[in-house]
Every structure is written in C-alpha cells, then in structure tokens.
$ cat final04.cif   # mmCIF, C-alpha atoms and all ligand atoms
data_coords
#
loop_
_atom_site.label_atom_id
_atom_site.label_comp_id
_atom_site.auth_asym_id
_atom_site.auth_seq_id
_atom_site.Cartn_x
_atom_site.Cartn_y
_atom_site.Cartn_z
CA MET A 1 -87.14 164.18 68.48
CA THR A 2 -89.40 166.37 70.64
CA GLN A 3 -92.95 165.16 71.08
CA LYS A 4 -95.54 167.71 70.02
CA SER A 5 -99.26 168.33 70.30
CA VAL A 6 -100.50 168.08 66.75
CA LEU A 7 -103.91 169.08 65.43
CA VAL A 8 -105.00 167.20 62.31
CA LEU A 9 -107.83 168.72 60.27
CA GLY A 10 -109.94 166.19 58.36
CA CYS A 11 -111.10 162.64 59.01
CA GLY A 12 -110.80 161.15 55.53
CA VAL A 13 -108.08 158.70 54.53
CA SER A 14 -105.42 161.47 54.48
CA GLY A 15 -106.18 162.78 57.98
CA LEU A 16 -106.47 159.34 59.58
CA SER A 17 -103.30 157.95 57.95
CA SER A 18 -101.34 161.08 58.93
CA GLY A 19 -102.76 160.95 62.46
CA ILE A 20 -101.82 157.29 62.93
CA LEU A 21 -98.21 157.85 61.87
CA LEU A 22 -97.94 160.95 64.08
CA LEU A 23 -99.24 158.98 67.07
CA GLN A 24 -96.81 156.16 66.34
CA ALA A 25 -94.01 158.75 66.31
CA GLY A 26 -95.00 159.66 69.86
CA HIS A 27 -96.90 162.92 69.28
CA ALA A 28 -100.21 163.75 70.99
CA VAL A 29 -102.81 164.04 68.22
CA THR A 30 -106.27 165.60 68.16
CA LEU A 31 -108.31 165.48 64.97
CA TRP A 32 -111.05 167.95 64.05
CA ALA A 33 -113.39 167.25 61.18
CA ARG A 34 -116.72 168.50 59.91
CA GLU A 35 -117.70 165.04 58.62
CA LEU A 36 -116.64 161.72 60.07
CA PRO A 37 -116.77 158.28 58.42
CA PRO A 38 -119.03 157.09 56.84
CA HIS A 39 -119.84 160.61 55.60
CA THR A 40 -116.51 161.57 53.97
CA THR A 41 -115.49 161.55 50.30
CA SER A 42 -113.08 158.76 51.21
CA ASN A 43 -116.03 156.53 52.09
CA GLN A 44 -117.42 156.89 48.55
CA ALA A 45 -114.32 155.37 46.93
CA ALA A 46 -114.23 151.61 46.33
CA ALA A 47 -111.08 151.76 46.42
CA LEU A 48 -108.24 150.38 44.34
CA TRP A 49 -104.55 151.10 44.60
CA PHE A 50 -104.40 152.69 41.16
CA PRO A 51 -102.82 156.09 40.34
CA TYR A 52 -105.57 158.27 38.78
CA LEU A 53 -106.03 162.05 38.48
CA ALA A 54 -103.03 162.99 40.66
CA GLN A 55 -99.94 164.98 39.74
CA PRO A 56 -96.99 165.51 39.47
CA ILE A 57 -95.70 162.07 38.48
CA GLU A 58 -92.21 162.63 39.93
CA ARG A 59 -93.72 163.07 43.43
CA VAL A 60 -96.75 160.80 42.98
CA ALA A 61 -94.58 157.83 41.89
CA PRO A 62 -92.61 157.47 45.15
CA TRP A 63 -95.71 158.16 47.29
CA ALA A 64 -97.65 155.49 45.37
CA SER A 65 -94.84 152.90 45.63
CA ARG A 66 -94.36 153.59 49.30
CA THR A 67 -98.11 153.27 49.92
CA LEU A 68 -98.26 149.95 48.07
CA ALA A 69 -95.40 148.63 50.18
CA TYR A 70 -97.11 149.86 53.37
CA PHE A 71 -100.41 148.15 52.45
CA ARG A 72 -98.55 144.91 51.71
CA GLN A 73 -96.61 144.99 54.96
CA HIS A 74 -99.20 146.30 57.43
CA LEU A 75 -102.74 145.93 56.03
CA LEU A 76 -102.88 142.81 53.84
CA PRO A 77 -101.79 140.49 56.69
CA ASP A 78 -104.89 141.55 58.68
CA PRO A 79 -108.17 140.49 57.00
CA ALA A 80 -110.06 142.82 59.38
CA SER A 81 -108.53 145.80 57.52
CA GLY A 82 -110.80 145.23 54.52
CA CYS A 83 -107.74 145.19 52.24
CA ARG A 84 -106.94 142.26 49.99
CA PRO A 85 -105.02 141.55 46.77
CA THR A 86 -107.01 141.77 43.55
CA LEU A 87 -106.37 141.39 39.84
CA VAL A 88 -107.12 144.54 37.84
CA GLN A 89 -107.69 144.58 34.09
CA ASP A 90 -107.32 147.96 32.38
CA LEU A 91 -108.81 148.06 28.86
CA TYR A 92 -108.07 150.33 25.87
CA ALA A 93 -109.58 150.91 22.43
CA HIS A 94 -106.12 151.81 21.06
CA PRO A 95 -102.58 150.46 21.58
CA VAL A 96 -100.97 151.77 24.78
CA GLU A 97 -97.55 151.90 26.40
CA ALA A 98 -97.10 150.28 29.81
CA PRO A 99 -98.16 152.76 32.54
CA TRP A 100 -95.38 154.60 34.37
CA TRP A 101 -96.13 152.64 37.52
CA ALA A 102 -95.98 149.17 35.87
CA GLY A 103 -92.64 148.50 37.56
CA ALA A 104 -94.10 149.14 41.02
CA VAL A 105 -96.83 146.48 40.86
CA GLN A 106 -96.60 142.72 40.80
CA GLY A 107 -97.83 140.49 38.00
CA TYR A 108 -97.96 143.13 35.27
CA ARG A 109 -98.83 141.50 31.94
CA ARG A 110 -100.30 142.51 28.61
CA LEU A 111 -103.75 140.96 27.95
CA ALA A 112 -104.02 138.63 24.94
CA ALA A 113 -106.48 139.62 22.18
CA ALA A 114 -108.77 136.73 23.15
CA GLU A 115 -109.08 138.14 26.68
CA LEU A 116 -110.32 141.56 25.54
CA PRO A 117 -114.07 142.29 25.45
CA ALA A 118 -115.62 143.59 22.21
CA GLY A 119 -114.49 147.12 21.34
CA TYR A 120 -111.00 146.84 22.88
CA VAL A 121 -107.64 146.27 21.18
CA ASP A 122 -105.22 146.54 24.09
CA GLY A 123 -105.06 146.20 27.85
CA PHE A 124 -103.02 144.98 30.75
CA GLU A 125 -103.51 143.12 33.99
CA THR A 126 -101.81 143.79 37.31
CA GLU A 127 -101.95 142.48 40.85
CA SER A 128 -103.18 145.40 42.91
CA ILE A 129 -105.05 145.89 46.19
CA VAL A 130 -108.71 146.53 46.80
CA ILE A 131 -109.29 148.64 49.88
CA ASP A 132 -112.91 148.10 50.92
CA THR A 133 -113.70 151.54 52.32
CA SER A 134 -116.87 150.29 54.03
CA VAL A 135 -114.50 148.36 56.33
CA TYR A 136 -111.19 150.22 56.04
CA MET A 137 -112.36 153.70 57.11
CA ASP A 138 -113.77 152.31 60.38
CA TYR A 139 -110.60 150.26 60.80
CA LEU A 140 -108.49 153.45 60.52
CA VAL A 141 -110.71 155.27 63.03
CA ALA A 142 -110.41 152.39 65.53
CA TRP A 143 -106.62 152.24 65.00
CA PHE A 144 -106.27 156.01 65.54
CA LEU A 145 -108.34 155.88 68.76
CA ARG A 146 -106.49 152.81 70.05
CA LEU A 147 -103.19 154.70 69.72
CA GLY A 148 -104.65 157.45 71.93
CA GLY A 149 -105.82 159.95 69.31
CA GLN A 150 -108.84 162.18 70.02
CA ILE A 151 -111.52 162.90 67.42
CA VAL A 152 -113.73 165.99 67.68
CA GLN A 153 -116.49 166.66 65.17
CA ARG A 154 -116.34 170.36 64.39
CA GLU A 155 -116.12 172.60 61.38
CA VAL A 156 -113.19 175.00 61.09
CA SER A 157 -114.27 178.31 59.56
CA SER A 158 -110.83 179.90 59.47
CA ILE A 159 -107.32 178.54 59.99
CA GLU A 160 -106.92 180.99 62.91
CA GLU A 161 -109.36 178.79 64.88
CA ALA A 162 -106.86 175.98 64.50
CA THR A 163 -103.69 178.03 65.10
CA ALA A 164 -105.27 179.34 68.32
CA GLU A 165 -105.40 175.72 69.46
CA SER A 166 -102.06 174.32 68.30
CA THR A 167 -98.69 175.35 66.87
CA HIS A 168 -98.46 172.17 64.74
CA ILE A 169 -101.27 171.49 62.27
CA VAL A 170 -101.69 168.96 59.48
CA ASN A 171 -104.30 170.10 57.01
CA CYS A 172 -106.10 167.14 55.42
CA THR A 173 -109.39 168.84 54.61
CA GLY A 174 -109.50 167.64 50.98
CA LEU A 175 -111.85 169.79 48.94
CA GLY A 176 -112.54 171.85 52.08
CA SER A 177 -109.13 173.52 51.55
CA ARG A 178 -110.62 175.45 48.66
CA HIS A 179 -112.63 177.52 51.09
CA LEU A 180 -110.37 177.30 54.14
CA PHE A 181 -107.24 178.46 52.28
CA GLY A 182 -108.81 180.22 49.30
CA ASP A 183 -107.20 177.63 47.01
CA GLU A 184 -109.18 177.97 43.79
CA SER A 185 -106.86 175.61 41.93
CA LEU A 186 -108.57 172.82 43.89
CA ARG A 187 -111.64 171.59 41.99
CA PRO A 188 -114.25 168.87 42.40
CA VAL A 189 -114.37 166.03 39.90
CA ARG A 190 -117.68 164.33 40.60
CA GLY A 191 -117.78 160.54 40.87
CA GLN A 192 -121.05 158.59 41.04
CA VAL A 193 -121.12 154.87 41.86
CA VAL A 194 -123.67 152.05 42.14
CA LYS A 195 -123.17 149.17 44.56
CA VAL A 196 -124.61 145.82 43.51
CA ARG A 197 -124.75 142.34 45.02
CA PRO A 198 -121.74 140.06 44.34
CA ASN A 199 -122.21 137.78 41.32
CA GLY A 200 -119.09 135.63 41.25
CA VAL A 201 -116.83 138.07 39.35
CA VAL A 202 -113.78 138.60 41.57
CA HIS A 203 -111.35 140.69 39.49
CA SER A 204 -111.61 144.43 38.81
CA ILE A 205 -112.11 145.84 35.30
CA LEU A 206 -111.44 149.44 34.23
CA ASP A 207 -111.98 151.51 31.11
CA ASP A 208 -110.72 155.05 31.52
CA GLU A 209 -111.22 156.53 28.07
CA GLY A 210 -112.55 153.81 25.74
CA PRO A 211 -116.09 153.00 24.57
CA ASN A 212 -117.25 152.39 28.16
CA GLY A 213 -115.12 155.04 29.84
CA LEU A 214 -115.16 156.03 32.54
CA GLY A 215 -116.38 152.61 33.56
CA TYR A 216 -115.24 150.26 36.27
CA ILE A 217 -116.19 147.14 38.17
CA ILE A 218 -114.62 146.66 41.59
CA PRO A 219 -115.70 143.55 43.56
CA ARG A 220 -115.37 143.91 47.35
CA SER A 221 -116.28 141.57 50.21
CA ALA A 222 -120.01 142.26 50.45
CA ASP A 223 -120.75 144.15 47.22
CA VAL A 224 -119.41 145.20 43.82
CA VAL A 225 -118.83 148.89 43.13
CA LEU A 226 -119.75 149.96 39.60
CA GLY A 227 -118.69 153.32 38.24
CA GLY A 228 -118.37 155.85 37.22
CA THR A 229 -118.32 159.47 36.26
CA ALA A 230 -115.57 162.11 36.25
CA GLN A 231 -117.45 165.40 35.93
CA ALA A 232 -115.17 168.38 36.50
CA ASP A 233 -116.42 171.40 38.47
CA ASP A 234 -119.67 169.60 39.28
CA TRP A 235 -120.62 170.06 42.94
CA ASP A 236 -123.82 168.01 42.82
CA THR A 237 -123.72 165.27 45.45
CA ASN A 238 -127.16 163.91 44.57
CA VAL A 239 -127.42 160.58 42.79
CA ARG A 240 -128.62 161.18 39.21
CA ALA A 241 -130.81 158.58 37.49
CA ALA A 242 -129.24 159.25 34.06
CA ASP A 243 -125.71 158.70 35.40
CA GLN A 244 -126.83 155.50 37.10
CA ALA A 245 -128.36 154.11 33.90
CA GLU A 246 -125.14 154.92 32.05
CA ILE A 247 -122.99 153.23 34.73
CA LEU A 248 -125.10 150.06 34.53
CA ARG A 249 -124.90 150.07 30.72
CA LYS A 250 -121.10 150.39 30.81
CA ALA A 251 -120.73 147.61 33.40
CA ALA A 252 -122.81 145.21 31.27
CA ASN A 253 -120.53 145.96 28.29
CA LEU A 254 -117.39 145.43 30.37
CA HIS A 255 -118.57 142.04 31.65
CA PRO A 256 -121.71 140.11 30.63
CA ALA A 257 -122.28 138.98 34.23
CA PHE A 258 -123.45 142.55 34.93
CA ALA A 259 -126.23 142.50 32.33
CA GLU A 260 -128.55 141.90 35.26
CA VAL A 261 -127.71 143.26 38.69
CA GLU A 262 -129.30 143.61 42.09
CA ILE A 263 -128.70 147.18 43.26
CA VAL A 264 -127.76 147.67 46.91
CA SER A 265 -127.15 151.43 47.02
CA ALA A 266 -125.75 154.39 45.10
CA GLY A 267 -123.53 157.30 46.04
CA VAL A 268 -121.59 160.34 44.90
CA GLY A 269 -118.20 161.70 45.96
CA LEU A 270 -116.28 164.78 44.86
CA ARG A 271 -112.62 164.00 44.10
CA PRO A 272 -110.33 166.82 45.34
CA VAL A 273 -108.37 167.44 42.12
CA ARG A 274 -105.51 169.94 41.87
CA HIS A 275 -102.76 170.59 39.31
CA GLU A 276 -100.53 168.98 41.94
CA VAL A 277 -101.04 167.35 45.32
CA ARG A 278 -100.27 170.00 47.93
CA LEU A 279 -97.86 168.47 50.41
CA GLU A 280 -95.72 171.20 51.94
CA ALA A 281 -95.23 173.19 55.15
CA GLU A 282 -96.30 176.78 55.58
CA ARG A 283 -95.93 179.20 58.52
CA ILE A 284 -99.19 180.84 59.51
CA GLY A 285 -98.84 183.20 62.44
CA GLY A 286 -96.77 181.29 64.97
CA ALA A 287 -97.90 177.87 63.71
CA LEU A 288 -96.45 175.34 61.32
CA VAL A 289 -99.18 174.13 58.95
CA VAL A 290 -98.38 171.04 56.88
CA HIS A 291 -100.77 170.74 53.94
CA ASN A 292 -101.69 167.26 52.71
CA TYR A 293 -104.57 167.59 50.23
CA GLY A 294 -105.51 167.55 46.55
CA HIS A 295 -105.04 163.80 45.95
CA GLY A 296 -107.65 163.67 43.17
CA GLY A 297 -108.66 160.11 42.30
CA ALA A 298 -105.74 158.59 44.19
CA GLY A 299 -106.18 159.46 47.86
CA PHE A 300 -105.88 155.82 48.97
CA THR A 301 -103.13 155.05 46.44
CA LEU A 302 -100.97 157.84 47.91
CA SER A 303 -102.21 157.77 51.52
CA TRP A 304 -99.30 156.23 53.45
CA GLY A 305 -96.55 157.76 51.34
CA CYS A 306 -98.06 161.22 51.82
CA ALA A 307 -98.73 160.60 55.52
CA GLU A 308 -95.07 159.67 56.05
CA GLU A 309 -93.93 162.89 54.39
CA ALA A 310 -96.45 164.98 56.35
CA ALA A 311 -95.29 163.39 59.63
CA SER A 312 -91.65 164.04 58.78
CA LEU A 313 -92.43 167.71 58.03
CA ILE A 314 -93.97 167.99 61.51
CA ALA A 315 -90.90 166.31 63.05
C1 LIG A 401 -116.26 157.66 43.23
C2 LIG A 401 -114.84 157.77 43.70
C3 LIG A 401 -113.98 156.72 43.49
C4 LIG A 401 -112.64 156.79 43.93
N1 LIG A 401 -111.83 155.71 43.75
C5 LIG A 401 -110.57 155.76 44.22
C6 LIG A 401 -109.73 154.62 44.10
O1 LIG A 401 -110.12 153.57 43.56
N2 LIG A 401 -108.46 154.70 44.60
C7 LIG A 401 -107.98 155.84 45.20
O2 LIG A 401 -106.83 155.87 45.63
N3 LIG A 401 -108.78 156.94 45.33
C8 LIG A 401 -110.04 156.93 44.85
N4 LIG A 401 -110.83 158.02 44.97
C9 LIG A 401 -110.27 159.27 45.48
C10 LIG A 401 -110.26 159.32 46.98
O3 LIG A 401 -111.53 158.99 47.48
C11 LIG A 401 -109.86 160.73 47.44
O4 LIG A 401 -108.64 161.13 46.84
C12 LIG A 401 -109.68 160.72 48.95
O5 LIG A 401 -110.86 160.25 49.56
C13 LIG A 401 -109.32 162.09 49.50
O6 LIG A 401 -109.19 161.89 50.89
P1 LIG A 401 -108.98 163.08 51.90
O7 LIG A 401 -108.80 162.48 53.23
O8 LIG A 401 -107.89 163.97 51.37
O9 LIG A 401 -110.33 163.92 51.80
P2 LIG A 401 -111.82 163.57 52.34
O10 LIG A 401 -112.10 162.14 52.37
O11 LIG A 401 -112.71 164.46 51.55
O12 LIG A 401 -111.77 164.08 53.82
C14 LIG A 401 -111.73 165.46 54.13
C15 LIG A 401 -112.03 165.66 55.58
O13 LIG A 401 -111.87 167.05 55.88
C16 LIG A 401 -113.04 167.52 56.54
N5 LIG A 401 -113.18 168.94 56.31
C17 LIG A 401 -113.27 169.60 55.13
N6 LIG A 401 -113.39 170.93 55.34
C18 LIG A 401 -113.38 171.11 56.70
C19 LIG A 401 -113.48 172.24 57.54
N7 LIG A 401 -113.61 173.47 57.06
N8 LIG A 401 -113.46 172.05 58.89
C20 LIG A 401 -113.33 170.81 59.40
N9 LIG A 401 -113.22 169.70 58.63
C21 LIG A 401 -113.25 169.86 57.31
C22 LIG A 401 -114.15 166.66 55.97
O14 LIG A 401 -115.29 166.73 56.78
C23 LIG A 401 -113.46 165.30 55.98
O15 LIG A 401 -113.48 164.76 57.27
C24 LIG A 401 -112.19 157.97 44.54
C25 LIG A 401 -113.06 159.04 44.76
C26 LIG A 401 -114.38 158.94 44.35
C27 LIG A 401 -115.30 160.09 44.60
#

$ encode --input "final04.cif" --output "structure tokens" --more "lines below"
Ligand SMILES: Cc1cc2nc3c(=O)[nH]c(=O)nc-3n(C[C@H](O)[C@H](O)[C@H](O)COP(=O)(O)OP(=O)(O)OC[C@H]3O[C@@H](n4cnc5c(N)ncnc54)[C@H](O)[C@@H]3O)c2cc1C
Amino acid sequence: MTQKSVLVLGCGVSGLSSGILLLQAGHAVTLWARELPPHTTSNQAAALWFPYLAQPIERVAPWASRTLAYFRQHLLPDPASGCRPTLVQDLYAHPVEAPWWAGAVQGYRRLAAAELPAGYVDGFETESIVIDTSVYMDYLVAWFLRLGGQIVQREVSSIEEATAESTHIVNCTGLGSRHLFGDESLRPVRGQVVKVRPNGVVHSILDDEGPNGLGYIIPRSADVVLGGTAQADDWDTNVRAADQAEILRKAANLHPAFAEVEIVSAGVGLRPVRHEVRLEAERIGGALVVHNYGHGGAGFTLSWGCAEEAASLIA
C-alpha cells in the first residue's frame, strides 16, 4: 500500500477515530476542524454503545458490531480511556420484539415484571459500554497526536480549500456537511442533557417512546447524564429551562433515586441525522473525498466500524 498525505475534516469522534486508523496504516494525517474538544457535538453525548437514529440497518449492523468488538479489544482494557462495561435497561409501555442488535451484545435478557418501574410492561437488559466523553474525547486527541497526527483549528468554507491542500480527504464534519456539501437531507435533532452528581445508581436506564420518553439515565465516572430531548430541525444550542425541568421529571420517574439531584451542568448537542449515514468516496476535482458523516444518535456506536471503512476507501 502507498502511504498518502490525508486531510481529515472534523475533530469529533468520527474524525479522530478515522485519523487514528489512517495513522496506524502509515499515512501522514493532518486534521482541520472549526471546533475542537470539548466544544464538539461528540462531547455532548454521554455516551452509550446503543444504536439510535441511524440508518440503514443493513450497513449500521456490521459497523455497530465491529465498533463493539473494537471497544472491547482496545478501549476497555485501558481504564484511562473512560470506557467501561455497563448494564443498560431499556423500558417499554407495550410488548416489544428483541432489538435487531440483540445478538451482537452480551447478557441480553428480558426484564421480569417485578423489575419494571410503574407505567412499563416490557423491557430488556444488556451488557453494553459507557463511553465517558468527558474523558474519551481527550483520550482520542492524545492518541491521535502521539501517533504523529497534526491538528489545526480552522473553518473550511468550501471543499476547494481542502482539495487545494490534499488529494485525499476524509470528511467528518457532521452537521457541518449540510453547508459544506449542500446536503439538505442532513438535519439536526436537538438533544439537551443535565449532568448531576453520582448517587449510587450504576446502571443505565432508557425510555425511548414510553411515558418518560425520551428519557435516560447514564451514570459515568464523575457524574450521571440525564436526558433527553430529540427535537427535529431545532438548531437552538441554548439550554432551555422547560426542557431541563422535563428531563428531571422523567429521571425521577425512571428511578426514585433521582427524585432529588445535585445539578453539575447542562448542555445541548445537535445530532447529525440523515436518512442514511453517508460513508462513500466521491471525486472532487483531482481529489478523492471519503465522506463519513450523518451518524445521528449513534456516532460512538458506529465510530470504529465506520472509521475502518473510511480508511479502507482511502487505501
Ligand atoms: C445529547 C446527545 C446524546 C448522544 N448520545 C449518544 C450515545 O449515547 N451514543 C452514541 O453512539 N451517540 C450519541 N450521540 C450522537 C453522537 O454524539 C453523534 O453521532 C456524534 O457526536 C457525531 O460525531 P461526528 O464526529 O460525526 O460529528 P461532531 O462531533 O459534530 O464533529 C464534527 C466536527 O466537524 C467540524 N466541522 C464542521 N463543519 C466544519 C467546517 N466547515 N470546517 C471545519 N470543521 C468543521 C466541527 O467543528 C467538529 O470538529 C448523542 C448526541 C447527543 C447530542
């Protein structure tokens, strides 16, 4: 394989994961990004390995499985990564089939009626991974730099700025691709969260569409992330008091230990949602541009699987 000079656009989880694999493959990698951690959408996620708001299933399934395997092999053994195993309970107000990804996770089991909070009739528990983004994003940056990658903070106003610099580009600009590539099928789905002090609850609890949906509780090392909202086409990145009150109400219903909480901080991120993740190569002028964006609510869940495919398209 010939070693190339690759320009990665974007310093969220997609850009950093792609950059790391490209460096490991022997390429020289420079990364340009308008925002760097901790100011990216990726930093706003909690995050869980959990497929959510990403399509199409036939491509998402292998990316998700591959990412889970990568986390288990390379990140879980190192506590400094901020990644650790966690139990996740997913609750429903109606009977549900097992999710399509049940076979990929360990410890999948149906919850017994006695384990369900009031208002729920079905649910399942799985062994997943919590990726503490307050640690993991910095860990990825340090890993990328250690491998010899360069990071430059700069906004790209047109793709020609990038193709003037390099003939091999990986585009991981998330929602920024809407403007950069005129991709109007890419839309924001606004997510607000509240971080509270740990209170002894160590497993994650989710309700996607039930009486407390969208509600979730995700304990991390130094805090617990409570969510959430999924407001389509909403570009507001300000924390809203009404959303926060609703998030706290839902958390208290999901687990009584959250009836009283000590708030640490609050935040908002815009999920880059698309009818399908865009992972493909395109020729622009004399350059090869590999797109890797539109991961919706599953950017971490798909990160390594997508990065591997992006790196192989460059190769
Ligand atoms: C509240 C919330 C909870 C979530 N929970 C989970 C979860 O539990 N599990 C999960 O897997 N996912 C979760 N997600 C989704 C996940 O955060 C996203 O899918 C993921 O962060 C997308 O990563 P990215 O690297 O593609 O984009 P981003 O993190 O948005 O990074 C994009 C990068 O591109 C740069 N950029 C954009 N435009 C330009 C430009 N013109 N020039 C230069 N640079 C540019 C940005 O500055 C940034 O550096 C959640 C999201 C939110 C908001």

$ residues_near_ligand --input "final04.cif" --ligand "ligand LIG 401 (chain A)" --cutoff "7 Å" --atoms "all atoms listed in the file" --output "VMD selection string"
chain A and resid 9 to 15 32 to 36 40 to 51 154 to 157 172 to 177 180 190 to 193 228 268 to 272 293 to 302

$ residues_around --input "final04.cif" --residues "Asn253 in chain A" --least-positions-apart "2" --cutoff "12 Å" --atoms "only C-alpha atoms" --output "PyMOL selection string"
chain A and resi 91+116-120+205-207+210-213+215-217+246-251+255-260

$ atom_distance --input "final04.cif" --atom1 "CA of Trp101 in chain A" --atom2 "CA of His74 in chain A"
21.1 Å

$ closest_residue --input "final04.cif" --among "A:Thr86, A:Arg240, A:Asp208, A:Ala104" --to "Ala69 in chain A" --atoms "all atoms listed in the file"
A:Ala104

$ closest_residue --input "final04.cif" --among "A:Ile129, A:Leu75, A:Val170, A:Ala162" --to "Ala311 in chain A" --atoms "all atoms listed in the file"
A:Val170

$ atom_distance --input "final04.cif" --atom1 "CA of Thr229 in chain A" --atom2 "CA of Leu214 in chain A"
6.0 Å

$ residues_around --input "final04.cif" --residues "Ala164 in chain A" --least-positions-apart "4" --cutoff "9 Å" --atoms "all atoms listed in the file" --output "list in words"
Ile159, Glu160 and Ala287 of chain A

$ atom_distance --input "final04.cif" --atom1 "CA of Leu23 in chain A" --atom2 "CA of Val290 in chain A"
15.8 Å

$ residues_around --input "final04.cif" --residues "Glu97 in chain A" --least-positions-apart "2" --cutoff "12 Å" --atoms "only C-alpha atoms" --output "tab-separated table (two decimals) with C-alpha atoms, in the frame of the given file"
chain	number	residue	atom	x	y	z
A	92	TYR	CA	-108.07	150.33	25.87
A	94	HIS	CA	-106.12	151.81	21.06
A	95	PRO	CA	-102.58	150.46	21.58
A	99	PRO	CA	-98.16	152.76	32.54
A	100	TRP	CA	-95.38	154.60	34.37
A	101	TRP	CA	-96.13	152.64	37.52
A	102	ALA	CA	-95.98	149.17	35.87
A	109	ARG	CA	-98.83	141.50	31.94
A	110	ARG	CA	-100.30	142.51	28.61
A	122	ASP	CA	-105.22	146.54	24.09
A	123	GLY	CA	-105.06	146.20	27.85
A	124	PHE	CA	-103.02	144.98	30.75

$ residues_near_point --input "final04.cif" --point "(-100.4, 168.7, 48.0)" --cutoff "9 Å" --atoms "only C-alpha atoms" --output "list in words"
Arg274, Glu276, Val277, Arg278, Leu279, Glu280, His291, Asn292, Tyr293, Gly294, His295 and Cys306 of chain A

$ closest_residue --input "final04.cif" --among "A:Thr30, A:His275, A:Arg84, A:Asp243" --to "Asp183 in chain A" --atoms "all atoms listed in the file"
A:His275

$ axis_aligned_box --input "final04.cif" --around "range 204-211 of chain A" --padding-each-side "3 Å" --output "AutoDock Vina command-line options"
--center_x -113.4 --center_y 150.5 --center_z 31.7 --size_x 11.4 --size_y 18.1 --size_z 20.2

$ closest_atom_pairs --input "final04.cif" --of "range 183-290 of chain A" --to "range 133-141 of chain A" --cutoff "10 Å" --atoms "only C-alpha atoms" --output "CSV"
residue,atom,partner,partner_atom,distance
A:Arg220,CA,A:Thr133,CA,9.3
A:Ser221,CA,A:Val135,CA,9.3
A:Ala222,CA,A:Ser134,CA,9.3
A:Asp223,CA,A:Ser134,CA,10.0

$ closest_residue --input "final04.cif" --among "A:Leu288, A:Ala242, A:Val194, A:Val29" --to "Ser265 in chain A" --atoms "all atoms listed in the file"
A:Val194

$ decode --input "final04.cif" --residues "range 262-288 of chain A" --atoms "C-alpha atoms" --output "PDB file, in the first residue's frame"
ATOM      1  CA  GLU A 262     -27.496  17.937  42.648  1.00  0.00           C
ATOM      2  CA  ILE A 263     -27.034  19.543  39.241  1.00  0.00           C
ATOM      3  CA  VAL A 264     -23.467  19.902  37.959  1.00  0.00           C
ATOM      4  CA  SER A 265     -24.064  21.343  34.487  1.00  0.00           C
ATOM      5  CA  ALA A 266     -26.332  21.230  31.442  1.00  0.00           C
ATOM      6  CA  GLY A 267     -25.708  21.114  27.715  1.00  0.00           C
ATOM      7  CA  VAL A 268     -27.153  20.793  24.239  1.00  0.00           C
ATOM      8  CA  GLY A 269     -25.906  18.944  21.163  1.00  0.00           C
ATOM      9  CA  LEU A 270     -27.330  18.671  17.655  1.00  0.00           C
ATOM     10  CA  ARG A 271     -27.344  15.068  16.392  1.00  0.00           C
ATOM     11  CA  PRO A 272     -26.405  14.912  12.676  1.00  0.00           C
ATOM     12  CA  VAL A 273     -29.343  12.836  11.403  1.00  0.00           C
ATOM     13  CA  ARG A 274     -29.683  11.695   7.783  1.00  0.00           C
ATOM     14  CA  HIS A 275     -31.876   9.139   6.000  1.00  0.00           C
ATOM     15  CA  GLU A 276     -28.661   7.105   5.872  1.00  0.00           C
ATOM     16  CA  VAL A 277     -25.131   7.508   7.175  1.00  0.00           C
ATOM     17  CA  ARG A 278     -23.058   8.854   4.294  1.00  0.00           C
ATOM     18  CA  LEU A 279     -19.976   6.685   4.015  1.00  0.00           C
ATOM     19  CA  GLU A 280     -18.748   6.679   0.424  1.00  0.00           C
ATOM     20  CA  ALA A 281     -15.994   8.064  -1.807  1.00  0.00           C
ATOM     21  CA  GLU A 282     -16.506  10.887  -4.262  1.00  0.00           C
ATOM     22  CA  ARG A 283     -14.112  12.521  -6.763  1.00  0.00           C
ATOM     23  CA  ILE A 284     -13.997  16.295  -6.453  1.00  0.00           C
ATOM     24  CA  GLY A 285     -11.616  17.918  -8.897  1.00  0.00           C
ATOM     25  CA  GLY A 286      -8.462  15.837  -8.684  1.00  0.00           C
ATOM     26  CA  ALA A 287      -9.120  14.719  -5.093  1.00  0.00           C
ATOM     27  CA  LEU A 288     -10.672  11.655  -3.536  1.00  0.00           C
TER      28      LEU A 288
END
